[in-house]
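Dropping structure02.csv in here (CSV, C-alpha atoms):
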```
chain,number,residue,atom,x,y,z
A,214,MET,CA,23.3,-15.2,18.7
A,215,LYS,CA,23.1,-18.5,20.5
A,216,TYR,CA,20.0,-19.5,18.6
A,217,ILE,CA,21.5,-18.5,15.2
A,218,VAL,CA,24.4,-20.8,16.0
A,219,ILE,CA,22.1,-23.6,17.0
A,220,LEU,CA,20.0,-23.1,13.8
A,221,ILE,CA,23.1,-23.4,11.6
A,222,ILE,CA,24.2,-26.5,13.5
A,223,VAL,CA,20.7,-28.0,12.7
A,224,LEU,CA,21.1,-27.1,9.0
A,225,ILE,CA,24.5,-28.8,9.0
A,226,LEU,CA,23.0,-31.9,10.6
A,227,VAL,CA,20.2,-31.8,7.9
A,228,ALA,CA,22.8,-31.7,5.1
A,229,LEU,CA,24.7,-34.5,6.7
A,230,GLY,CA,21.5,-36.5,7.1
A,231,ARG,CA,20.5,-36.0,3.5
A,232,ALA,CA,24.0,-37.2,2.4
A,233,LEU,CA,23.5,-40.3,4.6
A,234,ILE,CA,20.1,-41.1,3.1
A,235,ALA,CA,21.4,-40.6,-0.5
A,236,MET,CA,24.3,-42.9,0.3
A,237,LEU,CA,21.9,-45.5,1.8
A,238,ARG,CA,19.8,-45.5,-1.4
A,239,GLY,CA,22.8,-45.7,-3.8
A,240,GLY,CA,22.7,-45.3,-7.6
A,241,ALA,CA,24.1,-42.6,-9.8
A,242,ASP,CA,21.6,-39.9,-9.0
A,243,ASN,CA,21.9,-40.4,-5.3
A,244,SER,CA,25.7,-40.4,-5.6
A,245,GLU,CA,25.5,-36.9,-7.0
A,246,LYS,CA,23.0,-35.9,-4.3
A,247,MET,CA,25.3,-37.2,-1.6
A,248,PHE,CA,28.3,-35.2,-3.0
A,249,LYS,CA,26.3,-32.0,-3.1
A,250,SER,CA,24.9,-32.5,0.4
A,251,LEU,CA,28.4,-33.0,1.8
A,252,ALA,CA,29.7,-30.0,-0.1
A,253,THR,CA,26.8,-28.0,1.4
A,254,ARG,CA,27.7,-29.2,4.9
A,255,VAL,CA,31.3,-28.1,4.4
A,256,ALA,CA,30.3,-24.7,3.3
A,257,LEU,CA,27.9,-24.3,6.2
A,258,SER,CA,30.5,-25.5,8.7
A,259,ILE,CA,33.1,-22.9,7.5
A,260,PHE,CA,30.4,-20.2,7.7
A,261,LEU,CA,29.5,-21.2,11.2
A,262,PHE,CA,33.2,-21.3,12.3
A,263,LEU,CA,33.8,-17.8,10.9
A,264,LEU,CA,30.6,-16.5,12.4
A,265,VAL,CA,31.4,-17.9,15.9
A,266,MET,CA,34.9,-16.5,15.8
A,267,PHE,CA,33.6,-13.1,14.6
A,268,ALA,CA,30.9,-13.0,17.2
A,269,GLY,CA,33.5,-13.9,19.9
A,270,TYR,CA,35.8,-11.1,18.5
A,271,MET,CA,33.0,-8.6,18.6
A,272,GLY,CA,32.1,-9.7,22.2
A,273,TRP,CA,28.6,-10.9,21.2
A,274,ILE,CA,29.4,-14.3,22.8
A,275,GLU,CA,31.8,-15.2,25.6
A,276,PRO,CA,34.0,-18.3,25.5
A,277,ASN,CA,33.2,-21.0,28.2
A,278,THR,CA,36.8,-21.1,29.1
A,279,ASN,CA,37.0,-18.1,31.3
A,280,LEU,CA,37.4,-19.3,34.9
A,281,PRO,CA,34.3,-18.5,37.0
A,282,ILE,CA,35.2,-16.1,39.8
A,283,ARG,CA,34.0,-17.0,43.3
B,127,MET,CA,29.7,-68.2,-4.0
B,128,SER,CA,26.7,-67.0,-5.9
B,129,SER,CA,26.7,-65.8,-9.5
B,130,LYS,CA,25.9,-62.2,-10.2
B,131,ASP,CA,22.2,-62.6,-10.8
B,132,SER,CA,21.0,-65.0,-8.3
B,133,TYR,CA,20.2,-64.6,-4.6
B,134,TYR,CA,23.5,-64.1,-2.8
B,135,VAL,CA,24.5,-66.9,-0.4
B,136,PRO,CA,27.8,-66.2,1.4
B,137,HIS,CA,30.3,-69.0,1.6
B,138,GLY,CA,31.4,-70.6,4.9
B,139,THR,CA,34.0,-68.5,6.8
B,140,TYR,CA,36.1,-68.9,9.9
B,141,TRP,CA,36.5,-65.1,10.5
B,142,PRO,CA,33.6,-64.6,13.0
B,143,ILE,CA,34.9,-67.2,15.4
B,144,ILE,CA,38.4,-65.7,15.3
B,145,GLY,CA,36.8,-62.3,16.0
B,146,SER,CA,34.9,-63.8,19.0
B,147,ILE,CA,38.0,-65.4,20.4
B,148,GLY,CA,39.9,-62.1,20.0
B,149,ILE,CA,37.3,-60.1,21.8
B,150,ALA,CA,36.9,-62.6,24.6
B,151,THR,CA,40.7,-62.8,25.1
B,152,MET,CA,40.8,-59.0,25.1
B,153,PHE,CA,38.2,-58.7,27.8
B,154,VAL,CA,39.6,-61.4,30.0
B,155,GLY,CA,42.9,-59.6,29.8
B,156,MET,CA,41.4,-56.2,30.5
B,157,ALA,CA,39.3,-57.4,33.5
B,158,ASN,CA,42.5,-58.9,35.0
B,159,MET,CA,44.6,-55.9,34.2
B,160,PHE,CA,42.1,-53.7,36.1
B,161,HIS,CA,42.5,-56.1,39.1
B,162,GLY,CA,46.2,-55.7,38.9
B,163,VAL,CA,47.0,-59.2,37.7
B,164,SER,CA,50.5,-59.3,36.2
B,165,TRP,CA,49.5,-61.0,32.9
B,166,GLY,CA,46.5,-58.8,32.3
B,167,GLY,CA,48.2,-56.3,30.0
B,168,SER,CA,49.9,-58.9,27.7
B,169,VAL,CA,46.7,-60.9,27.3
B,170,THR,CA,44.8,-57.7,26.4
B,171,ALA,CA,47.4,-56.9,23.8
B,172,LEU,CA,47.2,-60.5,22.5
B,173,GLY,CA,43.4,-60.2,22.2
B,174,LEU,CA,43.7,-56.8,20.4
B,175,GLY,CA,46.2,-58.4,18.0
B,176,ILE,CA,43.7,-61.2,17.2
B,177,VAL,CA,40.9,-58.7,16.6
B,178,LEU,CA,43.1,-56.6,14.3
B,179,PHE,CA,44.2,-59.8,12.5
B,180,MET,CA,40.5,-60.7,12.0
B,181,MET,CA,39.6,-57.2,10.7
B,182,PHE,CA,42.5,-57.2,8.3
B,183,GLY,CA,41.8,-60.7,7.1
B,184,TRP,CA,38.0,-60.5,6.9
B,185,LEU,CA,37.8,-57.0,5.3
B,186,GLY,CA,40.7,-57.9,3.0
B,187,GLN,CA,38.7,-60.9,1.8
B,188,VAL,CA,35.6,-58.8,1.3
B,189,VAL,CA,37.6,-56.3,-0.8
B,190,ASN,CA,39.1,-59.1,-2.9
B,191,GLU,CA,35.7,-60.7,-3.5
B,192,SER,CA,34.3,-57.2,-4.5
B,193,VAL,CA,37.2,-56.5,-6.8
B,194,ASN,CA,36.7,-59.9,-8.5
B,195,GLY,CA,33.1,-59.0,-9.3
B,196,LEU,CA,31.6,-61.7,-7.1
B,197,TYR,CA,29.0,-59.3,-5.5
B,198,ASN,CA,25.6,-58.4,-7.0
B,199,SER,CA,23.3,-55.4,-6.2
B,200,GLN,CA,21.8,-57.2,-3.3
B,201,VAL,CA,25.2,-57.3,-1.5
B,202,ASP,CA,25.7,-53.6,-2.4
B,203,ARG,CA,22.5,-52.8,-0.6
B,204,SER,CA,23.5,-54.9,2.4
B,205,PHE,CA,26.8,-53.0,2.7
B,206,ARG,CA,24.9,-49.7,2.6
B,207,TRP,CA,22.5,-50.9,5.3
B,208,GLY,CA,25.4,-52.2,7.4
B,209,MET,CA,27.2,-48.8,7.2
B,210,SER,CA,23.9,-47.1,8.2
B,211,TRP,CA,23.5,-49.1,11.3
B,212,PHE,CA,27.1,-48.5,12.3
B,213,ILE,CA,26.6,-44.8,11.8
B,214,PHE,CA,23.4,-44.9,13.8
B,215,SER,CA,25.3,-46.5,16.7
B,216,GLU,CA,27.9,-43.8,16.4
B,217,VAL,CA,25.4,-41.0,16.4
B,218,MET,CA,23.7,-42.4,19.5
B,219,PHE,CA,27.2,-42.8,21.2
B,220,PHE,CA,28.0,-39.1,20.8
B,221,ALA,CA,24.4,-38.1,21.5
B,222,ALA,CA,24.8,-39.6,25.0
B,223,PHE,CA,27.9,-37.5,25.8
B,224,PHE,CA,26.4,-34.3,24.4
B,225,GLY,CA,23.2,-35.2,26.3
B,226,ALA,CA,25.2,-35.5,29.5
B,227,LEU,CA,26.8,-32.1,29.0
B,228,PHE,CA,23.4,-30.6,28.3
B,229,TYR,CA,21.7,-32.3,31.3
B,230,ALA,CA,24.5,-31.2,33.6
B,231,ARG,CA,24.4,-27.6,32.5
B,232,GLU,CA,20.7,-27.1,32.0
B,233,PHE,CA,19.3,-29.3,34.8
B,234,ALA,CA,21.6,-30.8,37.3
B,235,ILE,CA,23.6,-27.7,38.2
B,236,PRO,CA,20.7,-25.3,38.4
B,237,TRP,CA,18.8,-27.9,40.6
B,238,LEU,CA,21.8,-28.2,42.9
B,239,SER,CA,21.8,-24.5,43.4
B,240,GLY,CA,18.1,-24.7,44.4
B,241,GLU,CA,16.4,-23.8,41.1
B,242,GLY,CA,13.1,-25.3,40.0
B,243,ASN,CA,10.6,-27.1,42.1
B,244,ASN,CA,13.0,-29.6,43.7
B,245,GLN,CA,12.8,-28.1,47.1
B,246,PHE,CA,15.1,-30.6,48.7
B,247,THR,CA,18.1,-30.0,46.4
B,248,PRO,CA,19.7,-27.1,48.3
B,249,ASP,CA,20.3,-29.5,51.2
B,250,LEU,CA,22.3,-31.9,48.9
B,251,TRP,CA,25.1,-29.3,48.6
B,252,ASN,CA,24.7,-26.5,51.0
B,253,GLY,CA,26.1,-23.2,49.7
B,254,PHE,CA,26.5,-24.5,46.1
B,255,VAL,CA,26.8,-21.6,43.7
B,256,GLN,CA,25.8,-22.2,40.0
B,257,THR,CA,28.6,-21.6,37.6
B,258,TRP,CA,29.8,-22.9,34.2
B,259,PRO,CA,32.4,-24.3,33.8
B,260,GLU,CA,31.7,-26.0,37.1
B,261,ILE,CA,35.3,-26.6,38.2
B,262,ALA,CA,35.9,-24.4,41.3
B,263,PHE,CA,35.3,-26.5,44.3
B,264,LYS,CA,35.7,-24.0,47.2
B,265,THR,CA,32.8,-25.8,48.9
B,266,PRO,CA,32.6,-28.3,51.7
B,267,ALA,CA,31.5,-30.9,49.2
B,268,ALA,CA,35.0,-31.4,47.8
B,269,GLU,CA,36.0,-32.6,51.2
B,270,LEU,CA,32.9,-34.7,51.6
B,271,ARG,CA,34.2,-37.2,49.1
B,272,ASN,CA,36.1,-39.3,51.6
B,273,GLY,CA,39.4,-37.6,50.8
B,274,THR,CA,39.1,-38.0,47.1
B,275,ALA,CA,40.6,-34.8,46.0
B,276,LEU,CA,39.1,-33.3,42.9
B,277,SER,CA,41.6,-31.6,40.6
B,278,VAL,CA,40.9,-27.9,40.5
B,279,PRO,CA,42.4,-26.3,37.4
B,280,THR,CA,44.3,-23.0,37.9
B,281,GLU,CA,43.1,-21.8,34.4
B,282,LEU,CA,41.3,-23.3,31.4
B,283,ILE,CA,42.4,-24.0,27.9
B,284,ASP,CA,42.1,-20.8,25.8
B,285,THR,CA,39.3,-21.1,23.2
B,286,TRP,CA,41.2,-18.8,20.9
B,287,GLY,CA,44.4,-21.0,20.9
B,288,LEU,CA,44.7,-24.6,20.0
B,289,PRO,CA,40.9,-25.4,19.9
B,290,ALA,CA,40.3,-22.7,17.3
B,291,LEU,CA,43.3,-23.8,15.3
B,292,ASN,CA,42.2,-27.4,15.4
B,293,THR,CA,38.7,-26.5,14.3
B,294,ALA,CA,40.2,-24.7,11.3
B,295,ILE,CA,42.4,-27.7,10.5
B,296,LEU,CA,39.6,-30.2,10.7
B,297,LEU,CA,37.3,-28.0,8.6
B,298,LEU,CA,40.0,-27.7,6.0
B,299,SER,CA,40.3,-31.5,5.9
B,300,GLY,CA,36.6,-31.5,5.1
B,301,VAL,CA,37.3,-29.2,2.1
B,302,THR,CA,40.3,-31.4,0.9
B,303,LEU,CA,38.1,-34.5,1.2
B,304,THR,CA,35.4,-32.9,-0.8
B,305,PHE,CA,38.0,-32.1,-3.6
B,306,ALA,CA,39.1,-35.8,-3.4
B,307,HIS,CA,35.5,-36.8,-3.7
B,308,HIS,CA,35.0,-34.5,-6.7
B,309,ALA,CA,38.2,-35.9,-8.4
B,310,LEU,CA,36.9,-39.4,-7.9
B,311,ARG,CA,33.6,-38.6,-9.6
B,312,ALA,CA,35.6,-37.0,-12.4
B,313,GLY,CA,37.9,-40.0,-12.7
B,314,GLU,CA,41.1,-38.1,-12.0
B,315,ARG,CA,43.2,-40.6,-10.0
B,316,ASN,CA,46.2,-38.4,-9.3
B,317,LYS,CA,44.1,-35.6,-7.9
B,318,ILE,CA,42.2,-38.0,-5.7
B,319,ILE,CA,45.5,-39.3,-4.3
B,320,GLY,CA,46.8,-35.8,-3.7
B,321,TRP,CA,43.7,-34.5,-1.9
B,322,LEU,CA,43.4,-37.8,0.2
B,323,VAL,CA,47.0,-37.4,1.3
B,324,ALA,CA,46.3,-33.8,2.3
B,325,THR,CA,43.2,-34.9,4.2
B,326,ILE,CA,45.1,-37.6,6.1
B,327,ALA,CA,48.0,-35.1,6.9
B,328,LEU,CA,45.5,-32.6,8.3
B,329,GLY,CA,43.9,-35.3,10.4
B,330,VAL,CA,47.3,-36.3,11.8
B,331,ALA,CA,48.1,-32.7,12.5
B,332,PHE,CA,44.8,-32.4,14.4
B,333,LEU,CA,45.7,-35.4,16.5
B,334,GLY,CA,49.2,-34.0,17.2
B,335,PHE,CA,47.7,-30.7,18.5
B,336,GLN,CA,45.1,-32.6,20.6
B,337,ILE,CA,47.9,-34.4,22.3
B,338,ALA,CA,49.6,-31.1,22.9
B,339,GLU,CA,46.4,-29.7,24.3
B,340,TYR,CA,46.0,-32.7,26.7
B,341,GLY,CA,49.5,-32.1,27.9
B,342,HIS,CA,48.7,-28.5,28.6
B,343,ALA,CA,45.4,-29.5,30.3
B,344,TYR,CA,47.2,-31.7,32.7
B,345,ASP,CA,49.8,-29.0,33.4
B,346,ILE,CA,47.1,-26.6,34.5
B,347,GLY,CA,45.2,-29.3,36.5
B,348,LEU,CA,42.3,-29.9,34.2
B,349,LYS,CA,41.8,-33.6,34.5
B,350,LEU,CA,39.0,-36.2,34.2
B,351,ASN,CA,38.2,-35.6,37.8
B,352,SER,CA,37.9,-31.9,37.5
B,353,GLY,CA,34.1,-32.0,38.2
B,354,ILE,CA,31.4,-32.4,35.6
B,355,TYR,CA,33.2,-30.0,33.3
B,356,GLY,CA,36.5,-32.1,33.3
B,357,SER,CA,34.5,-35.4,32.9
B,358,THR,CA,32.5,-34.2,30.0
B,359,PHE,CA,35.4,-32.4,28.4
B,360,PHE,CA,37.7,-35.4,28.4
B,361,MET,CA,34.9,-37.9,27.4
B,362,LEU,CA,33.9,-35.8,24.4
B,363,THR,CA,37.3,-34.7,23.2
B,364,GLY,CA,38.9,-38.1,24.0
B,365,PHE,CA,36.3,-40.2,22.1
B,366,HIS,CA,36.4,-37.7,19.3
B,367,GLY,CA,40.1,-38.0,19.0
B,368,PHE,CA,39.8,-41.8,19.0
B,369,HIS,CA,37.3,-41.4,16.1
B,370,VAL,CA,39.6,-39.2,14.2
B,371,THR,CA,42.3,-41.8,14.6
B,372,VAL,CA,40.0,-44.5,13.3
B,373,GLY,CA,38.8,-42.2,10.4
B,374,ALA,CA,42.4,-41.5,9.4
B,375,LEU,CA,43.2,-45.2,9.4
B,376,MET,CA,40.2,-45.8,7.2
B,377,LEU,CA,41.3,-43.0,4.8
B,378,ILE,CA,44.7,-44.6,4.6
B,379,VAL,CA,43.1,-47.9,3.5
B,380,ILE,CA,41.0,-46.0,1.0
B,381,LEU,CA,44.1,-44.2,-0.3
B,382,TYR,CA,45.7,-47.7,-0.8
B,383,ARG,CA,42.6,-48.9,-2.6
B,384,VAL,CA,42.5,-45.8,-4.9
B,385,GLN,CA,46.2,-46.5,-5.8
B,386,LYS,CA,45.2,-50.1,-6.6
B,387,GLY,CA,42.4,-48.9,-8.8
B,388,HIS,CA,39.6,-50.5,-6.8
B,389,PHE,CA,37.1,-47.7,-7.5
B,390,SER,CA,35.4,-46.4,-10.6
B,391,LYS,CA,33.4,-43.2,-11.3
B,392,GLU,CA,30.2,-45.1,-10.8
B,393,ASN,CA,31.1,-47.7,-8.2
B,394,HIS,CA,32.9,-46.4,-5.1
B,395,PHE,CA,30.8,-47.2,-2.0
B,396,GLY,CA,33.9,-47.9,0.1
B,397,PHE,CA,35.1,-44.3,-0.5
B,398,GLU,CA,31.6,-42.9,0.1
B,399,GLY,CA,31.2,-44.7,3.4
B,400,VAL,CA,34.6,-43.5,4.7
B,401,ALA,CA,34.0,-39.9,3.4
B,402,TRP,CA,30.7,-39.7,5.2
B,403,TYR,CA,32.3,-41.0,8.4
B,404,TRP,CA,35.0,-38.3,8.1
B,405,HIS,CA,32.4,-35.6,7.6
B,406,PHE,CA,30.5,-36.9,10.6
B,407,VAL,CA,33.6,-36.8,12.8
B,408,ASP,CA,34.2,-33.3,11.5
B,409,VAL,CA,30.6,-32.2,12.5
B,410,VAL,CA,31.0,-33.8,15.9
B,411,TRP,CA,34.1,-31.6,16.5
B,412,LEU,CA,32.3,-28.5,15.3
B,413,GLY,CA,29.5,-29.3,17.8
B,414,LEU,CA,32.1,-29.8,20.5
B,415,PHE,CA,33.9,-26.6,19.6
B,416,VAL,CA,30.6,-24.6,19.8
B,417,PHE,CA,29.1,-26.3,22.9
B,418,VAL,CA,32.1,-27.0,25.0
B,419,TYR,CA,34.2,-23.9,24.2
B,420,TRP,CA,31.7,-21.3,23.3
B,421,ILE,CA,28.0,-21.3,24.1
```
Taking this structure as input, can you express it in the form of structure tokens?
Amino acid sequence: MKYIVILIIVLILVALGRALIAMLRGGADNSEKMFKSLATRVALSIFLFLLVMFAGYMGWIEPNTNLPIR
Amino acid sequence: MSSKDSYYVPHGTYWPIIGSIGIATMFVGMANMFHGVSWGGSVTALGLGIVLFMMFGWLGQVVNESVNGLYNSQVDRSFRWGMSWFIFSEVMFFAAFFGALFYAREFAIPWLSGEGNNQFTPDLWNGFVQTWPEIAFKTPAAELRNGTALSVPTELIDTWGLPALNTAILLLSGVTLTFAHHALRAGERNKIIGWLVATIALGVAFLGFQIAEYGHAYDIGLKLNSGIYGSTFFMLTGFHGFHVTVGALMLIVILYRVQKGHFSKENHFGFEGVAWYWHFVDVVWLGLFVFVYWI
């Protein structure tokens, strides 16, 4: 599960990076590309959030915020 | 001032020296404030005021020149490069704090508990037991620190509570900003304004909940000195909150500029830069939510 989450984070970073490169290049085509990349990053982020919450609900992952017991 | 087609030569300006004076004043004030000098605080505030005056004046002048059509494509490229270097510095800034969290969890704490080939590390902290979050200091080391008591939290912030709600709020702001971006590309000004206002409102709501969460954290004893967990938690969330504040201010400026009709369907780099920044801050939070609160 951990690796799936990290993989989606990497995909989000790739989408964000593509948007950045398109913004850096400028022009009408790249403006379109930037918009699409940012929309992809939003969709991926929402998917990741729902996935993490679902995985937590199902008990596949545990939150870090349970106090360790000594 | 250059014409549109020739090599751009900027005119003389006094803003850089005003900025330098502001920053110097701010640091002199700050250094003295930390040494408990009475006038430190007011000089810091004065310096900050000068810096804000410089930013307002300088950026305002750039906006005016841009609106009046004084810039050519060369200037446009230089703006894009400038934004890119700024973004690079921001990415490295957050990479340092995420890196610190990763190093502490994956290397430093296991080594302290005697893992790996560092045979001497068990002697650094005898009886150290590896846990994460590393906040329970029922070990002699807490007393070793010359009476500097570390704040031991009685509980931790519940991931399912405010952190999850705030993640949803920030992700939603990414959606509303995307709608604003789409409206801008379609040339629908009223829609842009509506979605931008929604984005700013969500950002402000996020900040309000963060303040509430910090209040709760202090109540349960989770502080900056609650071990490596407390330090990384507050450095990451604190600087992130600061970036949301800056991003919201930038969006307010963009909202003002949209109302003034500064952007066209084809030419709206100011909007693109700020939109990207907001998406970036959003992704930083998502990373924070996943790595600090979950895995």
Using only C-alpha atoms, select each residue of chain A with any atom at most 8 Å away from an atom of chain B, and give the selection as a PyMOL selection string. chain A and resi 215+222+225-226+229+232-233+236-239+241+248+251-252+255+258-259+262+265+274-281+283
Find the distance between CA of Val193 (chain B) and CA of His388 (chain B) and write it in Å to one decimal. 6.5 Å
Shell around Tyr340 (chain B) at 12 Å using only C-alpha atoms, local window under 4 positions removed, as a PyMOL selection string: chain B and resi 282-283+288-289+333-336+344-350+356+359-360+363-364+367
Closest to Ser352 (chain B) among B:Ser192, B:Ser277, B:Thr151, B:Asn198, using only C-alpha atoms? B:Ser277
If you count only C-alpha atoms, which residues fall within 9 Å of Lys249 (chain A), apart from same-chain ones fewer than 5 positions away, as a ChimeraX atom specification? /A:228,232,244,254
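You can rank B:Ile318, B:His161, B:Val370, B:Val217 by their closest distance to Gly230 (chain A) using all atoms listed in the file, and at the top of that list sits B:Val217.
From CA of Arg231 (chain A) back to CA of Lys246 (chain A), the distance works out to 8.2 Å.
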How big is the axis-aligned box around all listed atoms of region 222-230 of chain B once 3 Å goes on each side, and where's its centre, in Å to one decimal, as lines of an AutoDock Vina configuration file?
```
center_x = 24.8
center_y = -35.1
center_z = 29.0
size_x = 12.2
size_y = 15.0
size_z = 15.2
```
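Residues near the point (29.5, -15.9, 10.1), at a distance of 12 Å or less over only C-alpha atoms, make up Met214, Ile217, Val218, Ile221, Ala256, Leu257, Ser258, Ile259, Phe260, Leu261, Phe262, Leu263, Leu264, Val265, Met266, Phe267, Ala268, Gly269, Tyr270 and Met271 of chain A.
In this model, the gap between CA of Ile147 (chain B) and CA of Met181 (chain B) comes to 12.8 Å.
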Fewer than 5 positions away in the same chain doesn't count, so skip those; otherwise give me all residues within 12 Å of Gln187 (chain B), counting only C-alpha atoms, as a count of residues only. 11
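Of the listed residues (B:Phe179, B:Met361, B:Gln385, B:Phe397), B:Phe397 comes nearest to Ala306 (chain B); the distances count only C-alpha atoms.
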